[in-house]
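Here the structure comes first, spelled out in structure tokens, and everything after it is commentary.
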Amino acid sequence: MSTDIENLFKDKVLGHPAGLFVLFFTEMWERFSYYGMRAILVIFLTGAITGSNPGWGWSTSAALSLLGTYALFVYLTPLLGGWLADNKIGYRMAVVIGALLMTLGHAAMAVETPTFLYIGIALLIVGNGFFKPNMTSIISKMYAGKDDKKDGAYNIFYMGVNAGAFIGIMLCGWVGEKIGWSWGFGLAGIFMLLGMLQFYFAQPLFGSLGDKPAKKDVKNAEETVDVDAEKRNPFSIVDYALIAVFTVSALIFIFNDPLSKIGNIQTLNFTVAGMSDSLFFALLAAISFIVLLIVRIPRYTKIERDRMIAFSIFSLFTIFFWAAFEQAAGSLPIYTRDFTNRILEGTAGTVFKVVDLLVTVVPLGIITYVLISLFKKTFKKIGLANIILGTSFLIVWAIVLYKLYVEFNDPNTEVPVTWFAILNSLFIIIFAPLFTKWWDSSYNPPASVKYFLGLALLALGFGFLAFGARNVAAGAEGASLSMIWLVLAYLFHTLGELCLSPMGLSYLSKLIPTRMIAFMFGVYYLAIAIGNKLAHYIGGDIEKITQEYSLSGFFLIFTIIPFVLGVVSLLLHPLLKKLMHGVK
């Protein structure tokens with residue numbers, strides 16, 4: 001393995017192994033497909049069933065219920081996919097399998113029938129489980145013993161994540177809205193396929209890195225677990241019972257919620273204390289999991305117990321952060337389509353076209369430069385992979401140039417609904433280096449302050465939306481609000497994300513002993529999964545809340561709750577500092 005790592009470091013691109021940039025582009029195409037599909041899903045499902053580019057006319061609650069269930073599984077299946085790669089099939093094969101399944105999933109969605117929609121989403125969920133955890137695992141193995149290079153490697157890799165999200169939303173969104181939804185879904189699948197082929201034919205570059213684990217390695221890992229068993233906190237009968245209650249209740253809620261809203265299939269159809277069956281089982285799942293933590297955590301040693309309590313508190317804040325932040329995929333596209341004036345005239349239209357050109361061409365030009373640098377170093381070793389990658393970029397440039405040609409020759413300027421979603425990735429690319437310098441400086445704030453800033457900035461973004469919609473009457477089905485409120489919302493949401501999102505895994509590695517990371521990793525991903533489902537469960541009521549109260553009232557929910565929780569985080573600083581026992 002060490003020989004393979006040294007060989008990888010012989011051919012460098014921008015100071016890092018060429019293999020890192022193979023992973024960079026593979027991840028970029030996966031994020032392209034994921035965010036590209038997600039950008040148009042809700043608009044397509046809720047779109048009018050008549051017109052030049054008809055949607056399916058679903059209710060908002062039905063569309064967001066499906067999106068919420070999909071997003072929840074996206075964060076849970078990697079736990080199983082990571083285990084399979086670690087113990088059975090290896091990281092590289094897991095990535096290939098995952099990419100192939102997701103390609104088939106996007107292709108199924110392009111058919112535009114309910115049956116193929118559900119097949120497509122199921123394939124995307126399973127494929128994501130194989131793909132998502134194992135890309136970062138390969139990087140971790142690649143940089144074994146080279147910790148001084150790891151931070152830079154992950155920064156480069158996550159730039160690929162944001163580049164893929166940026167280009168995917170821009171192109172799939174534009175193609176879906178302007179040409180046809182099937183073309184948007186199909187485009188996501190095409191680039192997922194090309195990304196998979198590029199990675200598959202680049203495997204000679206990696207040697208044995210990420211191969212199927214040898215039996216002796218698995219056996220040694222099992223023996224290590226056995227030796228360390230006395231130090232562990234074994235699961236009791238009560239623990240298993242609570243896990244069973246949580247799992248069954250959560251699954252009932254996960255499947256019953258979309259079934260009742262999409263197909264009006266009432267699988268249980270009862271109420272408890274005024275709560276519907278779905279909400280009852282969601283509450284039961286939450287209570288059983290909280291009880292599980294209360295029962296298990298005190299059985300650890302004092303320092304371990306305290307640090308796990310601190311991390312559990314952070315995970316709770318994480319749920320509510322993502323419950324608000326992920327409105328970007330659900331209720332915000334509805335707000336953008338129905339309540340925002342996206343028509344620009346005269347000079348304003350020309351300025352937008354120029355801005356759109358710059359934010360499209362400049363990032364793509366930088367990524368193309370990286371591509372050329374990779375070609376120079378690796379073409380002799382992985383020529384076919386590079387040809388496939390080069391072909392991908394030729395297709396992207398062709399679509400971009402066609403898009404710009406169409407837009408500049410159109411006398412009318414209407415900003416696409418999906419265009420605003422690219423702002424998150426754009427702002428991350430702009431501001432991430434500044435936040436990295438802040439965290440590395442002597443002014444690096446404690447965890448409680450970072451969580452406060454993340455939640456408060458998120459709340460401020462929703463505050464702009466609430467203020468902008470203050471004059472929209474209750475029950476209004478449309479309005480013509482300024483786009484500036486959306487731009488400000490995405491800006492402050494991104495700043496909040498940069499404060500809070502990277503902290504979760506960072507504090508996981510600092511606070512949790514190695515032998516318990518798997519369990520708490522599951523807790524953290526479960527928190528994000530619950531946040532995603534909660535986001536779209538609440539977001540699905542945007543029409544109901546707007547009818548009964550107002551659009552401004554809907555966004556005030558996401559202004560007040562995150563801000564209050566941010567203040568709670570700040571007030572908990574002395575307690576959290578004590579619980580963390582010196583970890584900063």
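For the structure tokens, the naming scheme is as follows: chains receive sequential letters (A, B, ...) according to their order of presentation, residues are indexed from 1 within each chain, and ligands are indexed from 1 in presentation order.
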Check: So which residues touch range 303-317 of chain A within 10 Å, counting only C-alpha atoms, skipping near sequence neighbours fewer than 2 positions away, as a ChimeraX atom specification?
Finding: /A:290,293-294,296-301,319-323,447-448,451-452,454-455,500,503-504,507-508,510-513,516,520,523-528,531,562,565-566,568-569,572,575-583
Check: Neighbours of range 26-35 of chain A within 10 Å (only C-alpha atoms; same-chain residues fewer than 5 positions away dropped), as a PyMOL selection string?
Finding: chain A and resi 20-21+40-41+95+98-99+102-103+106+124+128+131-132+135-136+157-173+184-200+329+389+392+421-422
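With distances restricted to only C-alpha atoms, A:Leu332 is the closest residue to Trp485 in chain A from A:Leu332, A:Val400, A:Leu123, A:Ala108.
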Notebook entry, point to check: What lies within 9 Å of Tyr537 in chain A using only C-alpha atoms, ignoring chain neighbours under 3 positions off, as a PyMOL selection string?
Noted result: chain A and resi 61+64-65+68+257+532-534+540-541
Any chance you could export the current selection's all heavy atoms as a short mmCIF file (atom, residue, chain, number, x, y, z; two decimals), in the first residue's frame?
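Full text of result01.cif as output:
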data_model
loop_
_atom_site.label_atom_id
_atom_site.label_comp_id
_atom_site.auth_asym_id
_atom_site.auth_seq_id
_atom_site.Cartn_x
_atom_site.Cartn_y
_atom_site.Cartn_z
N SER A 61 -47.15 19.90 -0.90
CA SER A 61 -46.91 18.97 0.20
C SER A 61 -46.52 17.60 -0.32
O SER A 61 -45.64 16.93 0.24
CB SER A 61 -48.15 18.86 1.10
OG SER A 61 -49.26 18.36 0.36
N LEU A 64 -42.84 17.83 -1.83
CA LEU A 64 -41.82 17.98 -0.79
C LEU A 64 -41.76 16.77 0.13
O LEU A 64 -40.72 16.47 0.71
CB LEU A 64 -42.06 19.25 0.02
CG LEU A 64 -41.90 20.56 -0.76
CD1 LEU A 64 -41.81 21.75 0.19
CD2 LEU A 64 -40.68 20.53 -1.64
N SER A 65 -42.86 16.05 0.26
CA SER A 65 -42.83 14.80 1.03
C SER A 65 -41.93 13.78 0.35
O SER A 65 -41.12 13.11 1.00
CB SER A 65 -44.24 14.25 1.18
OG SER A 65 -44.22 13.03 1.91
N GLY A 68 -38.34 15.02 0.68
CA GLY A 68 -37.84 14.83 2.05
C GLY A 68 -37.45 13.40 2.34
O GLY A 68 -36.42 13.13 2.97
N ASP A 257 -45.77 8.92 5.24
CA ASP A 257 -45.91 10.34 4.93
C ASP A 257 -46.08 10.58 3.42
O ASP A 257 -47.07 11.18 2.99
CB ASP A 257 -44.73 11.13 5.49
CG ASP A 257 -44.84 12.61 5.20
OD1 ASP A 257 -45.88 13.20 5.51
OD2 ASP A 257 -43.87 13.18 4.64
N ASN A 532 -33.23 17.10 7.06
CA ASN A 532 -33.70 17.16 5.68
C ASN A 532 -35.17 16.77 5.57
O ASN A 532 -35.96 17.42 4.87
CB ASN A 532 -32.85 16.24 4.79
CG ASN A 532 -31.60 16.91 4.27
OD1 ASN A 532 -31.58 17.42 3.16
ND2 ASN A 532 -30.56 16.91 5.08
N LYS A 533 -35.55 15.70 6.25
CA LYS A 533 -36.96 15.28 6.20
C LYS A 533 -37.85 16.33 6.85
O LYS A 533 -38.93 16.66 6.33
CB LYS A 533 -37.12 13.93 6.90
CG LYS A 533 -38.55 13.39 6.91
CD LYS A 533 -39.09 13.16 5.50
CE LYS A 533 -40.53 12.69 5.51
NZ LYS A 533 -41.10 12.59 4.16
N LEU A 534 -37.42 16.86 8.00
CA LEU A 534 -38.19 17.89 8.70
C LEU A 534 -38.35 19.14 7.84
O LEU A 534 -39.41 19.78 7.84
CB LEU A 534 -37.51 18.22 10.03
CG LEU A 534 -38.24 19.17 10.99
CD1 LEU A 534 -39.58 18.59 11.40
CD2 LEU A 534 -37.37 19.43 12.23
N GLY A 540 -43.61 21.67 3.09
CA GLY A 540 -44.79 21.25 2.33
C GLY A 540 -46.05 21.98 2.73
O GLY A 540 -47.05 21.96 2.00
N ASP A 541 -46.00 22.64 3.89
CA ASP A 541 -47.17 23.40 4.36
C ASP A 541 -47.11 24.88 3.98
O ASP A 541 -47.87 25.69 4.52
CB ASP A 541 -47.29 23.29 5.89
CG ASP A 541 -47.84 21.93 6.32
OD1 ASP A 541 -48.54 21.30 5.52
OD2 ASP A 541 -47.55 21.51 7.46
#
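For range 457-465 of chain A, the set of protein, DNA and RNA residues having any atom at most 6 Å away, when counting only C-alpha atoms and skipping those fewer than 2 positions along the same chain, is A:Leu453, A:Gly454, A:Leu455, A:Phe467, A:Gly468, A:Trp485, A:Ala489, A:Phe492, A:His493, A:Gly496, A:Phe555, A:Thr559, A:Pro562, A:Phe563.
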Keeping all heavy atoms, export the residues of the selection given above as a short mmCIF file (atom, residue, chain, number, x, y, z; two decimals), in the first residue's frame.
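That gives us out01.cif:
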data_model
loop_
_atom_site.label_atom_id
_atom_site.label_comp_id
_atom_site.auth_asym_id
_atom_site.auth_seq_id
_atom_site.Cartn_x
_atom_site.Cartn_y
_atom_site.Cartn_z
N LEU A 453 -23.32 31.72 15.39
CA LEU A 453 -23.18 32.47 14.14
C LEU A 453 -23.89 31.77 12.99
O LEU A 453 -24.57 32.40 12.18
CB LEU A 453 -21.68 32.64 13.81
CG LEU A 453 -20.89 33.59 14.71
CD1 LEU A 453 -19.40 33.52 14.40
CD2 LEU A 453 -21.38 35.03 14.55
N GLY A 454 -23.71 30.44 12.90
CA GLY A 454 -24.35 29.69 11.83
C GLY A 454 -25.87 29.83 11.86
O GLY A 454 -26.50 30.10 10.84
N LEU A 455 -26.45 29.66 13.05
CA LEU A 455 -27.91 29.73 13.18
C LEU A 455 -28.42 31.16 13.03
O LEU A 455 -29.46 31.40 12.42
CB LEU A 455 -28.32 29.16 14.53
CG LEU A 455 -28.17 27.63 14.65
CD1 LEU A 455 -28.14 27.20 16.11
CD2 LEU A 455 -29.30 26.91 13.91
N PHE A 467 -39.23 39.97 5.49
CA PHE A 467 -39.40 41.42 5.33
C PHE A 467 -39.86 41.74 3.91
O PHE A 467 -40.77 42.56 3.70
CB PHE A 467 -38.09 42.14 5.62
CG PHE A 467 -38.17 43.63 5.48
CD1 PHE A 467 -38.76 44.41 6.47
CD2 PHE A 467 -37.69 44.26 4.33
CE1 PHE A 467 -38.85 45.79 6.33
CE2 PHE A 467 -37.79 45.64 4.19
CZ PHE A 467 -38.36 46.40 5.19
N GLY A 468 -39.25 41.08 2.92
CA GLY A 468 -39.63 41.33 1.53
C GLY A 468 -41.07 40.97 1.24
O GLY A 468 -41.72 41.61 0.40
N TRP A 485 -34.16 40.05 -2.40
CA TRP A 485 -34.41 39.33 -1.15
C TRP A 485 -33.89 37.90 -1.25
O TRP A 485 -33.33 37.36 -0.28
CB TRP A 485 -35.89 39.34 -0.81
CG TRP A 485 -36.48 40.71 -0.77
CD1 TRP A 485 -37.49 41.21 -1.54
CD2 TRP A 485 -36.08 41.79 0.09
NE1 TRP A 485 -37.74 42.52 -1.23
CE2 TRP A 485 -36.89 42.91 -0.23
CE3 TRP A 485 -35.12 41.93 1.09
CZ2 TRP A 485 -36.77 44.14 0.41
CZ3 TRP A 485 -34.99 43.17 1.73
CH2 TRP A 485 -35.81 44.24 1.39
N ALA A 489 -30.85 36.31 0.91
CA ALA A 489 -31.13 35.09 1.66
C ALA A 489 -30.06 34.03 1.38
O ALA A 489 -29.49 33.44 2.31
CB ALA A 489 -32.52 34.55 1.31
N PHE A 492 -26.61 35.01 3.10
CA PHE A 492 -26.50 34.80 4.54
C PHE A 492 -26.69 33.33 4.92
O PHE A 492 -26.10 32.87 5.89
CB PHE A 492 -27.47 35.71 5.28
CG PHE A 492 -27.00 37.14 5.34
CD1 PHE A 492 -27.41 38.06 4.39
CD2 PHE A 492 -26.09 37.54 6.30
CE1 PHE A 492 -26.95 39.37 4.43
CE2 PHE A 492 -25.61 38.84 6.35
CZ PHE A 492 -26.04 39.76 5.40
N HIS A 493 -27.47 32.60 4.15
CA HIS A 493 -27.57 31.16 4.40
C HIS A 493 -26.22 30.48 4.17
O HIS A 493 -25.81 29.61 4.94
CB HIS A 493 -28.61 30.53 3.47
CG HIS A 493 -30.01 30.90 3.81
ND1 HIS A 493 -31.10 30.46 3.09
CD2 HIS A 493 -30.51 31.67 4.81
CE1 HIS A 493 -32.21 30.95 3.63
NE2 HIS A 493 -31.88 31.69 4.66
N GLY A 496 -23.87 31.27 6.98
CA GLY A 496 -24.22 30.44 8.12
C GLY A 496 -23.73 29.01 7.94
O GLY A 496 -23.22 28.38 8.88
N PHE A 555 -41.98 32.47 6.53
CA PHE A 555 -40.53 32.66 6.66
C PHE A 555 -40.13 33.13 8.05
O PHE A 555 -38.97 32.93 8.46
CB PHE A 555 -40.03 33.63 5.58
CG PHE A 555 -40.05 33.03 4.20
CD1 PHE A 555 -40.82 33.58 3.20
CD2 PHE A 555 -39.30 31.90 3.91
CE1 PHE A 555 -40.87 33.02 1.93
CE2 PHE A 555 -39.32 31.33 2.65
CZ PHE A 555 -40.11 31.88 1.67
N THR A 559 -37.03 32.26 10.76
CA THR A 559 -36.23 33.38 11.28
C THR A 559 -36.12 33.27 12.80
O THR A 559 -35.02 33.36 13.36
CB THR A 559 -36.89 34.73 10.92
OG1 THR A 559 -37.03 34.82 9.50
CG2 THR A 559 -36.04 35.88 11.42
N PRO A 562 -34.38 29.40 14.43
CA PRO A 562 -32.93 29.30 14.40
C PRO A 562 -32.23 30.35 15.26
O PRO A 562 -31.23 30.06 15.91
CB PRO A 562 -32.58 29.49 12.91
CG PRO A 562 -33.80 29.06 12.19
CD PRO A 562 -34.93 29.51 13.06
N PHE A 563 -32.78 31.60 15.26
CA PHE A 563 -32.12 32.64 16.05
C PHE A 563 -32.20 32.31 17.55
O PHE A 563 -31.20 32.45 18.27
CB PHE A 563 -32.77 34.00 15.80
CG PHE A 563 -32.09 35.12 16.54
CD1 PHE A 563 -30.87 35.63 16.11
CD2 PHE A 563 -32.65 35.64 17.71
CE1 PHE A 563 -30.23 36.65 16.80
CE2 PHE A 563 -32.02 36.66 18.40
CZ PHE A 563 -30.81 37.16 17.95
#
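When only C-alpha atoms are used to measure the gap to Ala144 in chain A, the shortest distance among A:Leu488, A:Leu209, A:Val13, A:Leu84 belongs to A:Leu209.
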Margin query: Ranking A:Trp56, A:Tyr490, A:Trp183, A:Phe24 by minimum distance to Leu423 in chain A and counting only C-alpha atoms, which one comes first?
Written below: A:Tyr490
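Each of A:Gly90, A:Gly478, A:Gly522, A:Pro17 was checked against Ile156 in chain A using only C-alpha atoms; the smallest atom-to-atom distance is that of A:Pro17.
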